[in-house]
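entry.csv (CSV, C-alpha atoms) appears below.
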chain,number,residue,atom,x,y,z
A,1,MET,CA,-11.8,-12.5,39.3
A,2,SER,CA,-8.0,-11.9,39.4
A,3,VAL,CA,-4.7,-13.5,38.8
A,4,GLN,CA,-2.3,-13.9,41.7
A,5,ASN,CA,0.7,-11.6,41.3
A,6,ARG,CA,4.0,-13.4,40.8
A,7,SER,CA,7.4,-11.8,40.9
A,8,ALA,CA,9.8,-12.0,37.9
A,9,PRO,CA,12.2,-15.0,37.8
A,10,ALA,CA,15.0,-14.7,40.3
A,11,ARG,CA,18.1,-13.1,39.1
A,12,SER,CA,20.8,-15.6,38.2
A,13,ALA,CA,23.9,-16.1,36.1
A,14,SER,CA,22.1,-18.4,33.7
A,15,THR,CA,19.1,-17.7,31.4
A,16,ARG,CA,15.9,-19.5,32.1
A,17,HIS,CA,14.4,-21.4,29.1
A,18,VAL,CA,10.7,-21.6,28.4
A,19,ASP,CA,9.0,-23.5,25.6
A,20,HIS,CA,6.3,-21.0,24.6
A,21,LEU,CA,6.4,-17.4,25.7
A,22,VAL,CA,3.5,-15.0,25.4
A,23,ILE,CA,4.2,-11.3,25.7
A,24,GLY,CA,1.2,-9.3,26.8
A,25,GLY,CA,-1.9,-10.1,29.0
A,26,GLY,CA,-4.7,-8.6,27.0
A,27,PRO,CA,-7.5,-10.6,25.3
A,28,ALA,CA,-5.2,-11.8,22.5
A,29,GLY,CA,-2.3,-12.8,24.8
A,30,ALA,CA,-4.6,-14.5,27.3
A,31,MET,CA,-6.5,-16.4,24.6
A,32,VAL,CA,-3.5,-17.8,22.8
A,33,ALA,CA,-1.9,-18.7,26.2
A,34,LEU,CA,-4.9,-20.6,27.5
A,35,ARG,CA,-5.4,-22.5,24.2
A,36,LEU,CA,-1.8,-23.6,24.1
A,37,ALA,CA,-1.8,-24.6,27.8
A,38,ALA,CA,-5.1,-26.4,27.4
A,39,ALA,CA,-3.5,-28.4,24.6
A,40,GLY,CA,-0.8,-29.5,27.0
A,41,ARG,CA,1.9,-27.1,26.0
A,42,SER,CA,4.2,-25.4,28.6
A,43,VAL,CA,3.4,-21.7,28.4
A,44,VAL,CA,4.7,-18.6,30.3
A,45,LEU,CA,2.8,-15.2,29.9
A,46,LEU,CA,4.5,-11.9,30.7
A,47,GLU,CA,2.3,-9.0,31.7
A,48,LYS,CA,3.9,-5.6,32.4
A,49,GLU,CA,1.2,-4.3,34.8
A,50,SER,CA,1.0,-5.5,38.4
A,51,GLY,CA,-2.8,-6.0,38.4
A,52,PRO,CA,-6.1,-5.4,36.6
A,53,HIS,CA,-6.2,-2.0,34.9
A,54,HIS,CA,-8.2,0.1,32.5
A,55,LYS,CA,-7.3,0.5,28.8
A,56,VAL,CA,-8.4,2.8,26.0
A,57,CYS,CA,-11.1,0.7,24.3
A,58,GLY,CA,-14.7,0.9,23.2
A,59,GLU,CA,-15.4,-2.2,25.3
A,60,PHE,CA,-17.8,-3.6,22.7
A,61,LEU,CA,-18.2,-7.4,22.4
A,62,SER,CA,-19.7,-8.5,19.1
A,63,ARG,CA,-21.3,-11.9,18.6
A,64,GLU,CA,-18.0,-13.3,17.4
A,65,ALA,CA,-16.2,-12.1,20.5
A,66,VAL,CA,-18.8,-13.5,22.8
A,67,ASP,CA,-18.6,-16.9,21.1
A,68,TYR,CA,-14.8,-17.0,21.5
A,69,LEU,CA,-15.2,-16.0,25.2
A,70,HIS,CA,-17.6,-18.8,25.7
A,71,GLN,CA,-15.1,-21.2,24.2
A,72,ALA,CA,-12.6,-20.0,26.8
A,73,GLY,CA,-15.1,-20.5,29.6
A,74,VAL,CA,-15.8,-16.8,30.2
A,75,ASP,CA,-19.4,-15.6,30.3
A,76,PRO,CA,-19.5,-11.8,30.0
A,77,LEU,CA,-23.1,-11.7,31.3
A,78,GLU,CA,-22.0,-13.3,34.6
A,79,LEU,CA,-19.3,-10.6,34.8
A,80,GLY,CA,-22.0,-7.9,34.6
A,81,ALA,CA,-21.9,-7.1,30.8
A,82,THR,CA,-24.7,-5.0,29.4
A,83,VAL,CA,-26.7,-6.0,26.3
A,84,ILE,CA,-26.5,-3.8,23.1
A,85,SER,CA,-29.2,-4.4,20.5
A,86,SER,CA,-29.3,-1.1,18.6
A,87,LEU,CA,-27.0,1.6,17.2
A,88,ARG,CA,-27.5,5.3,17.1
A,89,LEU,CA,-25.5,7.7,15.0
A,90,SER,CA,-25.5,11.4,15.8
A,91,ALA,CA,-24.0,14.6,14.6
A,92,GLY,CA,-25.1,18.1,15.4
A,93,SER,CA,-28.8,17.9,16.0
A,94,LYS,CA,-29.3,14.9,13.7
A,95,LEU,CA,-29.9,11.4,15.1
A,96,ILE,CA,-30.3,8.1,13.2
A,97,ALA,CA,-31.1,4.8,14.8
A,98,ALA,CA,-31.1,1.2,13.6
A,99,PRO,CA,-31.1,-2.3,15.1
A,100,LEU,CA,-27.8,-4.1,15.0
A,101,PRO,CA,-27.8,-7.3,12.8
A,102,PHE,CA,-26.6,-9.2,16.0
A,103,GLN,CA,-26.9,-8.9,19.7
A,104,ALA,CA,-23.8,-7.5,21.3
A,105,LEU,CA,-22.5,-6.9,24.8
A,106,SER,CA,-20.4,-4.3,26.6
A,107,LEU,CA,-17.9,-5.0,29.4
A,108,SER,CA,-14.9,-3.1,30.8
A,109,ARG,CA,-11.5,-4.2,29.7
A,110,ARG,CA,-10.4,-4.2,33.4
A,111,VAL,CA,-12.9,-7.0,34.2
A,112,LEU,CA,-12.6,-8.8,30.9
A,113,ASP,CA,-8.8,-9.0,30.9
A,114,ALA,CA,-8.7,-10.2,34.5
A,115,ALA,CA,-11.2,-13.0,33.7
A,116,LEU,CA,-9.3,-14.2,30.7
A,117,LEU,CA,-6.0,-14.2,32.5
A,118,ALA,CA,-7.6,-16.2,35.3
A,119,ARG,CA,-8.8,-18.7,32.8
A,120,ALA,CA,-5.3,-18.9,31.3
A,121,LYS,CA,-3.9,-19.6,34.7
A,122,GLU,CA,-6.5,-22.3,35.3
A,123,SER,CA,-5.5,-24.0,32.0
A,124,GLY,CA,-1.9,-24.3,33.3
A,125,CYS,CA,-0.3,-21.2,31.9
A,126,HIS,CA,2.3,-19.6,34.3
A,127,ILE,CA,1.6,-15.9,34.5
A,128,VAL,CA,4.3,-13.4,35.5
A,129,ARG,CA,3.1,-9.9,36.3
A,130,SER,CA,5.2,-6.7,36.5
A,131,ALA,CA,7.4,-8.1,33.8
A,132,ALA,CA,8.1,-5.6,31.0
A,133,VAL,CA,10.1,-6.7,28.0
A,134,GLU,CA,13.0,-4.5,27.1
A,135,SER,CA,14.2,-6.3,24.0
A,136,ILE,CA,13.9,-9.5,22.0
A,137,THR,CA,16.5,-11.0,19.7
A,138,PRO,CA,16.9,-14.2,17.7
A,139,SER,CA,19.0,-16.9,19.2
A,140,ALA,CA,20.2,-20.3,18.4
A,141,ASN,CA,17.4,-21.8,20.5
A,142,GLY,CA,14.7,-19.4,19.2
A,143,TRP,CA,14.5,-16.1,21.0
A,144,LEU,CA,16.3,-14.3,23.8
A,145,VAL,CA,14.0,-11.9,25.8
A,146,SER,CA,15.5,-9.3,28.1
A,147,LEU,CA,13.3,-7.9,30.9
A,148,ASN,CA,13.4,-4.5,32.7
A,149,SER,CA,14.4,-6.3,35.9
A,150,GLY,CA,17.7,-7.4,34.3
A,151,ASP,CA,16.6,-11.0,34.0
A,152,SER,CA,16.3,-12.8,30.7
A,153,LEU,CA,14.4,-15.7,29.2
A,154,SER,CA,15.1,-17.9,26.2
A,155,ALA,CA,12.0,-19.2,24.4
A,156,SER,CA,11.6,-21.6,21.5
A,157,THR,CA,8.5,-19.8,20.4
A,158,VAL,CA,7.2,-16.2,21.1
A,159,PHE,CA,3.7,-14.9,20.7
A,160,LEU,CA,3.7,-11.1,20.6
A,161,ALA,CA,0.5,-9.6,22.1
A,162,THR,CA,1.6,-6.1,23.2
A,163,GLY,CA,-1.5,-4.3,21.7
A,164,LYS,CA,-0.9,-1.0,20.0
A,165,HIS,CA,2.5,-0.6,21.7
A,166,ASP,CA,5.4,-1.8,19.5
A,167,LEU,CA,8.3,-3.8,21.0
A,168,ARG,CA,11.7,-2.2,20.5
A,169,GLY,CA,13.3,-3.6,17.3
A,170,PHE,CA,10.0,-4.8,15.9
A,171,PRO,CA,8.1,-1.8,14.6
A,172,ARG,CA,5.1,-2.3,12.5
A,173,SER,CA,4.9,-1.1,8.9
A,174,PRO,CA,3.1,2.2,8.3
A,175,ALA,CA,-0.7,2.1,8.8
A,176,ARG,CA,-3.3,3.5,6.4
A,177,GLN,CA,-4.6,5.9,9.1
A,178,SER,CA,-2.2,6.9,11.9
A,179,ASP,CA,-2.9,10.5,12.7
A,180,LEU,CA,-5.4,9.9,15.4
A,181,VAL,CA,-5.3,10.2,19.2
A,182,GLY,CA,-7.6,8.0,21.3
A,183,PHE,CA,-9.3,8.9,24.6
A,184,LYS,CA,-11.4,7.0,27.1
A,185,LEU,CA,-13.3,8.2,30.2
A,186,HIS,CA,-15.9,6.5,32.4
A,187,TRP,CA,-18.9,8.5,33.6
A,188,GLN,CA,-21.5,8.1,36.3
A,189,LEU,CA,-24.9,9.1,34.8
A,190,ALA,CA,-28.2,10.0,36.3
A,191,ARG,CA,-30.9,7.2,36.4
A,192,SER,CA,-32.8,8.8,33.5
A,193,GLN,CA,-29.7,9.0,31.4
A,194,ILE,CA,-28.8,5.4,32.1
A,195,HIS,CA,-32.4,4.5,31.0
A,196,ALA,CA,-32.0,6.6,27.8
A,197,LEU,CA,-28.7,4.8,26.9
A,198,ARG,CA,-29.7,1.3,27.8
A,199,ASP,CA,-29.4,-1.3,25.0
A,200,CYS,CA,-27.7,1.2,22.7
A,201,MET,CA,-24.3,1.9,21.3
A,202,ASP,CA,-24.2,5.6,20.5
A,203,LEU,CA,-21.8,6.7,17.8
A,204,TYR,CA,-21.2,10.4,17.3
A,205,LEU,CA,-19.4,12.4,14.6
A,206,PHE,CA,-17.6,15.7,15.2
A,207,SER,CA,-15.2,17.9,13.4
A,208,GLY,CA,-11.9,15.9,13.1
A,209,GLY,CA,-13.0,12.7,14.8
A,210,TYR,CA,-15.7,10.3,16.1
A,211,GLY,CA,-16.5,8.3,19.2
A,212,GLY,CA,-18.9,6.1,21.0
A,213,LEU,CA,-20.8,6.0,24.3
A,214,SER,CA,-22.3,2.9,25.9
A,215,LEU,CA,-23.1,1.3,29.2
A,216,ILE,CA,-20.8,-1.2,30.8
A,217,GLU,CA,-21.2,-3.1,34.1
A,218,GLY,CA,-22.7,-1.3,37.0
A,219,GLY,CA,-24.5,1.3,34.9
A,220,ILE,CA,-21.3,3.1,34.2
A,221,ALA,CA,-21.0,4.9,30.8
A,222,ASN,CA,-17.9,4.4,28.7
A,223,LEU,CA,-17.0,7.4,26.5
A,224,CYS,CA,-14.4,6.7,23.9
A,225,LEU,CA,-13.3,8.9,20.9
A,226,VAL,CA,-10.5,9.3,18.4
A,227,VAL,CA,-9.5,12.7,17.1
A,228,ARG,CA,-7.0,14.0,14.6
A,229,ARG,CA,-3.8,15.4,16.2
A,230,SER,CA,-4.3,18.7,14.3
A,231,THR,CA,-7.8,19.0,15.7
A,232,LEU,CA,-6.7,18.2,19.2
A,233,HIS,CA,-3.9,20.7,19.1
A,234,SER,CA,-6.1,23.5,17.6
A,235,SER,CA,-8.7,22.9,20.3
A,236,GLY,CA,-6.2,23.6,23.1
A,237,GLY,CA,-6.4,20.2,24.8
A,238,TRP,CA,-8.9,17.6,26.2
A,239,PRO,CA,-11.2,19.9,28.3
A,240,GLN,CA,-11.7,22.3,25.3
A,241,LEU,CA,-12.1,19.4,22.9
A,242,LEU,CA,-14.8,17.7,25.0
A,243,ASP,CA,-16.6,21.0,25.5
A,244,SER,CA,-16.6,21.6,21.8
A,245,ILE,CA,-18.0,18.1,21.1
A,246,LEU,CA,-20.8,18.5,23.6
A,247,ARG,CA,-21.7,22.0,22.4
A,248,GLY,CA,-21.9,20.6,18.9
A,249,ASN,CA,-23.9,17.4,19.6
A,250,SER,CA,-27.3,17.9,21.3
A,251,HIS,CA,-28.0,14.2,21.7
A,252,LEU,CA,-24.6,13.5,23.4
A,253,ARG,CA,-24.9,16.6,25.5
A,254,ARG,CA,-28.2,15.4,27.0
A,255,LEU,CA,-26.7,12.1,27.9
A,256,LEU,CA,-23.8,13.6,29.7
A,257,ASP,CA,-25.4,16.7,31.2
A,258,GLY,CA,-24.5,16.7,34.9
A,259,ALA,CA,-22.6,13.4,34.6
A,260,THR,CA,-19.6,12.8,36.9
A,261,PRO,CA,-16.3,11.5,35.4
A,262,PHE,CA,-14.6,8.7,37.4
A,263,TRP,CA,-11.1,10.0,36.7
A,264,PRO,CA,-9.8,13.6,36.7
A,265,ARG,CA,-8.5,13.1,33.1
A,266,PRO,CA,-9.1,10.5,30.4
A,267,LEU,CA,-6.8,7.7,29.4
A,268,ALA,CA,-5.1,8.4,26.1
A,269,ILE,CA,-3.1,6.6,23.5
A,270,SER,CA,-1.2,7.6,20.3
A,271,PRO,CA,-0.5,6.7,17.6
A,272,ILE,CA,-3.3,4.4,16.7
A,273,PRO,CA,-2.3,2.5,13.5
A,274,TYR,CA,-5.8,2.0,12.0
A,275,GLY,CA,-5.8,-0.2,8.9
A,276,TYR,CA,-2.6,-2.0,9.9
A,277,LEU,CA,-2.5,-5.7,8.7
A,278,ILE,CA,0.5,-7.9,9.3
A,279,ARG,CA,2.8,-8.9,6.5
A,280,GLU,CA,6.1,-10.1,7.9
A,281,SER,CA,6.8,-10.9,11.6
A,282,ARG,CA,10.3,-12.3,11.3
A,283,GLY,CA,9.3,-15.6,12.9
A,284,LEU,CA,7.2,-14.1,15.8
A,285,TRP,CA,3.6,-15.1,16.1
A,286,CYS,CA,1.8,-11.7,16.3
A,287,VAL,CA,-1.7,-11.6,17.6
A,288,GLY,CA,-4.3,-8.9,18.5
A,289,ASP,CA,-3.3,-5.4,17.5
A,290,GLN,CA,0.1,-6.6,16.6
A,291,ALA,CA,-1.5,-8.5,13.8
A,292,ALA,CA,-4.4,-6.2,12.8
A,293,VAL,CA,-5.9,-2.8,13.9
A,294,ILE,CA,-9.4,-2.1,12.7
A,295,PRO,CA,-10.9,1.3,13.3
A,296,SER,CA,-12.8,1.4,16.6
A,297,PHE,CA,-16.2,2.5,15.3
A,298,THR,CA,-16.7,-1.0,13.9
A,299,GLY,CA,-16.7,-2.6,17.4
A,300,ASP,CA,-14.7,-5.5,16.0
A,301,GLY,CA,-11.4,-4.9,17.7
A,302,ILE,CA,-11.8,-7.3,20.6
A,303,SER,CA,-13.2,-10.0,18.3
A,304,ILE,CA,-10.2,-9.7,16.0
A,305,ALA,CA,-7.9,-9.9,19.0
A,306,LEU,CA,-9.6,-13.1,20.1
A,307,HIS,CA,-9.9,-14.6,16.6
A,308,SER,CA,-6.2,-13.9,15.7
A,309,ALA,CA,-5.1,-15.6,19.0
A,310,ALA,CA,-7.4,-18.6,18.5
A,311,PHE,CA,-6.3,-18.9,14.9
A,312,ALA,CA,-2.6,-18.6,15.7
A,313,ALA,CA,-2.9,-21.3,18.3
A,314,GLN,CA,-4.7,-23.6,15.9
A,315,MET,CA,-2.1,-23.0,13.1
A,316,PHE,CA,0.8,-23.5,15.5
A,317,LEU,CA,-0.6,-26.7,17.0
A,318,ALA,CA,-1.1,-28.0,13.5
A,319,GLY,CA,2.6,-27.5,12.7
A,320,ARG,CA,2.1,-24.5,10.4
A,321,SER,CA,4.5,-21.6,10.2
A,322,ALA,CA,4.1,-18.0,11.4
A,323,ALA,CA,4.5,-16.9,7.8
A,324,ALA,CA,1.5,-19.1,6.8
A,325,TYR,CA,-0.5,-17.7,9.7
A,326,ASN,CA,0.3,-14.2,8.6
A,327,ARG,CA,-0.8,-14.8,5.0
A,328,THR,CA,-4.0,-16.5,5.9
A,329,LEU,CA,-5.1,-14.0,8.5
A,330,ARG,CA,-4.3,-11.1,6.2
A,331,ALA,CA,-6.5,-12.7,3.5
A,332,GLN,CA,-9.3,-13.2,6.0
A,333,LEU,CA,-9.4,-9.6,7.2
A,334,THR,CA,-8.5,-7.6,4.2
A,335,PRO,CA,-12.0,-6.9,2.9
A,336,SER,CA,-13.5,-5.8,6.2
A,337,MET,CA,-10.3,-3.8,7.1
A,338,ALA,CA,-10.3,-2.0,3.8
A,339,LEU,CA,-14.0,-0.9,4.1
A,340,ALA,CA,-13.6,0.1,7.8
A,341,THR,CA,-10.5,2.1,7.2
A,342,TRP,CA,-12.0,3.9,4.2
A,343,LEU,CA,-15.1,4.8,6.3
A,344,SER,CA,-12.9,5.9,9.2
A,345,ARG,CA,-10.9,8.3,7.1
A,346,ALA,CA,-14.0,9.7,5.6
A,347,ALA,CA,-15.7,10.2,9.0
A,348,VAL,CA,-13.0,12.6,10.2
A,349,THR,CA,-13.5,15.0,7.3
A,350,GLY,CA,-16.4,17.5,7.0
A,351,THR,CA,-17.5,16.2,3.6
A,352,GLY,CA,-17.3,12.6,4.8
A,353,ARG,CA,-19.6,13.3,7.8
A,354,THR,CA,-22.1,15.2,5.7
A,355,ALA,CA,-22.2,12.4,3.1
A,356,ALA,CA,-22.5,9.7,5.7
A,357,LEU,CA,-25.4,11.3,7.5
A,358,THR,CA,-27.2,12.1,4.2
A,359,ALA,CA,-26.8,8.5,2.9
A,360,LEU,CA,-27.8,6.9,6.2
A,361,SER,CA,-30.8,9.0,6.7
A,362,LEU,CA,-32.0,8.1,3.2
A,363,ALA,CA,-31.2,4.4,3.7
A,364,PRO,CA,-31.1,3.5,7.5
A,365,GLY,CA,-30.5,-0.1,6.5
A,366,ALA,CA,-27.0,0.9,5.5
A,367,ILE,CA,-26.1,1.0,9.2
A,368,ARG,CA,-26.9,-2.7,9.4
A,369,TRP,CA,-25.0,-3.4,6.2
A,370,ILE,CA,-21.9,-1.6,7.5
A,371,ALA,CA,-22.1,-3.4,10.8
A,372,ALA,CA,-22.3,-6.8,9.1
A,373,SER,CA,-19.7,-6.0,6.4
A,374,THR,CA,-17.0,-5.1,8.9
A,375,ARG,CA,-17.1,-8.4,10.8
A,376,ILE,CA,-14.7,-11.4,10.6
A,377,PRO,CA,-16.1,-13.7,7.9
A,378,GLN,CA,-18.1,-16.5,9.4
A,379,SER,CA,-16.1,-19.1,7.3
A,380,SER,CA,-12.9,-17.9,8.9
A,381,LEU,CA,-13.9,-18.3,12.6
A,382,VAL,CA,-12.2,-21.0,14.7
A,383,LEU,CA,-15.1,-23.2,15.8
A,384,GLY,CA,-15.2,-25.7,18.6
A,385,GLU,CA,-16.4,-26.4,22.1
A,386,CYS,CA,-15.0,-24.8,25.2
A,387,VAL,CA,-11.3,-25.5,25.5
A,388,LEU,CA,-11.2,-25.8,29.3
A,389,GLN,CA,-12.8,-28.4,31.6
A,390,GLY,CA,-15.9,-27.0,33.2
A,391,ALA,CA,-16.1,-24.0,31.0
A,392,GLY,CA,-19.3,-21.9,31.2
A,393,THR,CA,-22.3,-23.0,29.2
A,394,ALA,CA,-24.6,-20.0,29.5
A,395,ALA,CA,-26.8,-19.3,26.5
A,396,ARG,CA,-25.2,-17.2,23.9
A,397,PRO,CA,-26.7,-14.0,22.4
A,398,THR,CA,-28.7,-14.7,19.3
A,399,ALA,CA,-28.2,-13.0,16.0
Full structure transcribed into structure tokens:
Amino acid sequence: MSVQNRSAPARSASTRHVDHLVIGGGPAGAMVALRLAAAGRSVVLLEKESGPHHKVCGEFLSREAVDYLHQAGVDPLELGATVISSLRLSAGSKLIAAPLPFQALSLSRRVLDAALLARAKESGCHIVRSAAVESITPSANGWLVSLNSGDSLSASTVFLATGKHDLRGFPRSPARQSDLVGFKLHWQLARSQIHALRDCMDLYLFSGGYGGLSLIEGGIANLCLVVRRSTLHSSGGWPQLLDSILRGNSHLRRLLDGATPFWPRPLAISPIPYGYLIRESRGLWCVGDQAAVIPSFTGDGISIALHSAAFAAQMFLAGRSAAAYNRTLRAQLTPSMALATWLSRAAVTGTGRTAALTALSLAPGAIRWIAASTRIPQSSLVLGECVLQGAGTAARPTA
């Protein structure tokens, strides 16, 4: 499923005006756009990439994320998503396993993002690809947005969904943990390795970082990790880092022994502002990672992106302000964000890894408690039927 490419607005002496502008075509941007368009609003979404593409992401869909996708008419299982029902934590030669407190799915961002953008288009949103925003400034009519093509747009309302990348002039406040570099690489496994990984999300701890391995569509394995900059630099680079991780983790080494990477080098991103929670947005409606960045090991990043977008659309359509949205979203996410960030900071230290493995081996139920405690509160979720005519009605994963 893809979205037809459209060129940027034609160059002219005048500035084109749009009512509602969404900047960014990831899950948060697509979700807020389709919800506004489905409510009858005129919406334009700008996406800087020319077509579907991969992004650094654990590609984990929690129960909350799947529910939001169903509301949007997207069924991950129909797109090839794999089921995840258990979690395994490994470090060195130790391995601890526990069932998840909910059934989850895993799907590549390339497929997921394309499906959501297609739904946004079907809802009436006008999608413009290859449109990178250079700057955004307040104006008498709302906002003036300058594009890299030299064109400009004025918008009454702007929803900022640029992920972990800040827009010039709108930097986020310092995060609680921002010394990590993220990597992602897809692998082709042997049949026996696919069987060994099926239904599982494997989390692994190593000196200076942690990561995850799980299957996505087509039996492909997605390897993601975050590592402290100092650890990456001291290792000498990605090949040496990966070799060190595999030598130090017998479980992960068996799963990737002889596996073939799909790309010559991994995707990378830095900095990653873990623990960031929005305070002030100067009138912009910030969604996704522009509103909150939870550590990746929780697997709640995509659900927070979808929730923040659905909640922003709900607040906006109800006539509430961006400031009120910021305050309420922050209150909703603060408890889980604080716990997740504390655990993330502990996991990258030697004493933290040792304490974590000792505690979890003595009480495996702690894995389930952590998984449940780092989710969006059920009372905060935006409930409702599918927002689009003819949206999918496939059965949802059960708790």
Would you mind listing what lies within 9 Å of Val66 of chain A as a list in words, with all atoms listed in the file counted and same-chain residues fewer than 5 positions away left out?
-> Leu61, Gln71, Val74, Asp75, Pro76, Ala104, Leu105, Ser303, Arg396 and Pro397 of chain A
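The gap separating atom CA of Ser207 of chain A from atom CA of Ile294 of chain A is 20.8 Å, in Å to one decimal.
Ranking A:Val382, A:Leu284, A:Ile272, A:Leu329 by their shortest atom-to-atom distance to Pro138 of chain A, with only C-alpha atoms included, puts A:Leu284 first.
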Taking (-0.9, -6.5, 12.7) in the file's coordinates as the center, which residues reach within 12 Å of it, counting only C-alpha atoms, put as a JSON list (two decimals) with C-alpha atoms, keeping the file's coordinate frame?
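Final output, result.json:
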[["chain", "number", "residue", "atom", "x", "y", "z"],
["A", 28, "ALA", "CA", -5.20, -11.80, 22.50],
["A", 160, "LEU", "CA", 3.70, -11.10, 20.60],
["A", 161, "ALA", "CA", 0.50, -9.60, 22.10],
["A", 162, "THR", "CA", 1.60, -6.10, 23.20],
["A", 163, "GLY", "CA", -1.50, -4.30, 21.70],
["A", 164, "LYS", "CA", -0.90, -1.00, 20.00],
["A", 165, "HIS", "CA", 2.50, -0.60, 21.70],
["A", 166, "ASP", "CA", 5.40, -1.80, 19.50],
["A", 170, "PHE", "CA", 10.00, -4.80, 15.90],
["A", 171, "PRO", "CA", 8.10, -1.80, 14.60],
["A", 172, "ARG", "CA", 5.10, -2.30, 12.50],
["A", 173, "SER", "CA", 4.90, -1.10, 8.90],
["A", 174, "PRO", "CA", 3.10, 2.20, 8.30],
["A", 175, "ALA", "CA", -0.70, 2.10, 8.80],
["A", 272, "ILE", "CA", -3.30, 4.40, 16.70],
["A", 273, "PRO", "CA", -2.30, 2.50, 13.50],
["A", 274, "TYR", "CA", -5.80, 2.00, 12.00],
["A", 275, "GLY", "CA", -5.80, -0.20, 8.90],
["A", 276, "TYR", "CA", -2.60, -2.00, 9.90],
["A", 277, "LEU", "CA", -2.50, -5.70, 8.70],
["A", 278, "ILE", "CA", 0.50, -7.90, 9.30],
["A", 279, "ARG", "CA", 2.80, -8.90, 6.50],
["A", 280, "GLU", "CA", 6.10, -10.10, 7.90],
["A", 281, "SER", "CA", 6.80, -10.90, 11.60],
["A", 284, "LEU", "CA", 7.20, -14.10, 15.80],
["A", 285, "TRP", "CA", 3.60, -15.10, 16.10],
["A", 286, "CYS", "CA", 1.80, -11.70, 16.30],
["A", 287, "VAL", "CA", -1.70, -11.60, 17.60],
["A", 288, "GLY", "CA", -4.30, -8.90, 18.50],
["A", 289, "ASP", "CA", -3.30, -5.40, 17.50],
["A", 290, "GLN", "CA", 0.10, -6.60, 16.60],
["A", 291, "ALA", "CA", -1.50, -8.50, 13.80],
["A", 292, "ALA", "CA", -4.40, -6.20, 12.80],
["A", 293, "VAL", "CA", -5.90, -2.80, 13.90],
["A", 294, "ILE", "CA", -9.40, -2.10, 12.70],
["A", 301, "GLY", "CA", -11.40, -4.90, 17.70],
["A", 304, "ILE", "CA", -10.20, -9.70, 16.00],
["A", 305, "ALA", "CA", -7.90, -9.90, 19.00],
["A", 308, "SER", "CA", -6.20, -13.90, 15.70],
["A", 309, "ALA", "CA", -5.10, -15.60, 19.00],
["A", 325, "TYR", "CA", -0.50, -17.70, 9.70],
["A", 326, "ASN", "CA", 0.30, -14.20, 8.60],
["A", 327, "ARG", "CA", -0.80, -14.80, 5.00],
["A", 329, "LEU", "CA", -5.10, -14.00, 8.50],
["A", 330, "ARG", "CA", -4.30, -11.10, 6.20],
["A", 333, "LEU", "CA", -9.40, -9.60, 7.20],
["A", 334, "THR", "CA", -8.50, -7.60, 4.20],
["A", 337, "MET", "CA", -10.30, -3.80, 7.10]]
A:Ile127, A:Ala190, A:Val181, A:Ile367 ranked by distance to Ala37 of chain A, top pick (using all atoms listed in the file) | A:Ile127
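Proximity to Ser42 of chain A was assessed for A:Asp19, A:Glu134, A:Asp179, A:Glu122 counting all atoms listed in the file; the smallest distance is recorded for A:Asp19.
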Counting all atoms listed in the file, the residue among A:Ile376, A:Ala366, A:Val226, A:Ile194 that lies closest to Asp257 of chain A is A:Ile194
For Leu246 of chain A, list every protein, DNA or RNA residue within 12 Å, evaluated using all atoms listed in the file, and leave out those in the same chain fewer than 5 positions away; present the list as an MDAnalysis selection string.
-> chainID A and resid 90:93 204:207 211 239:241 251:257
Cut-off 12 Å around (-20.3, -1.1, 40.7) with all atoms listed in the file: residues as a ChimeraX atom specification = /A:79-81,108,111,188,216-221,262
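Candidate residues A:Gly365, A:Ala39, A:Ser156, A:Arg228 were compared for distance to Ile96 of chain A, and the nearest is A:Gly365, using only C-alpha atoms.
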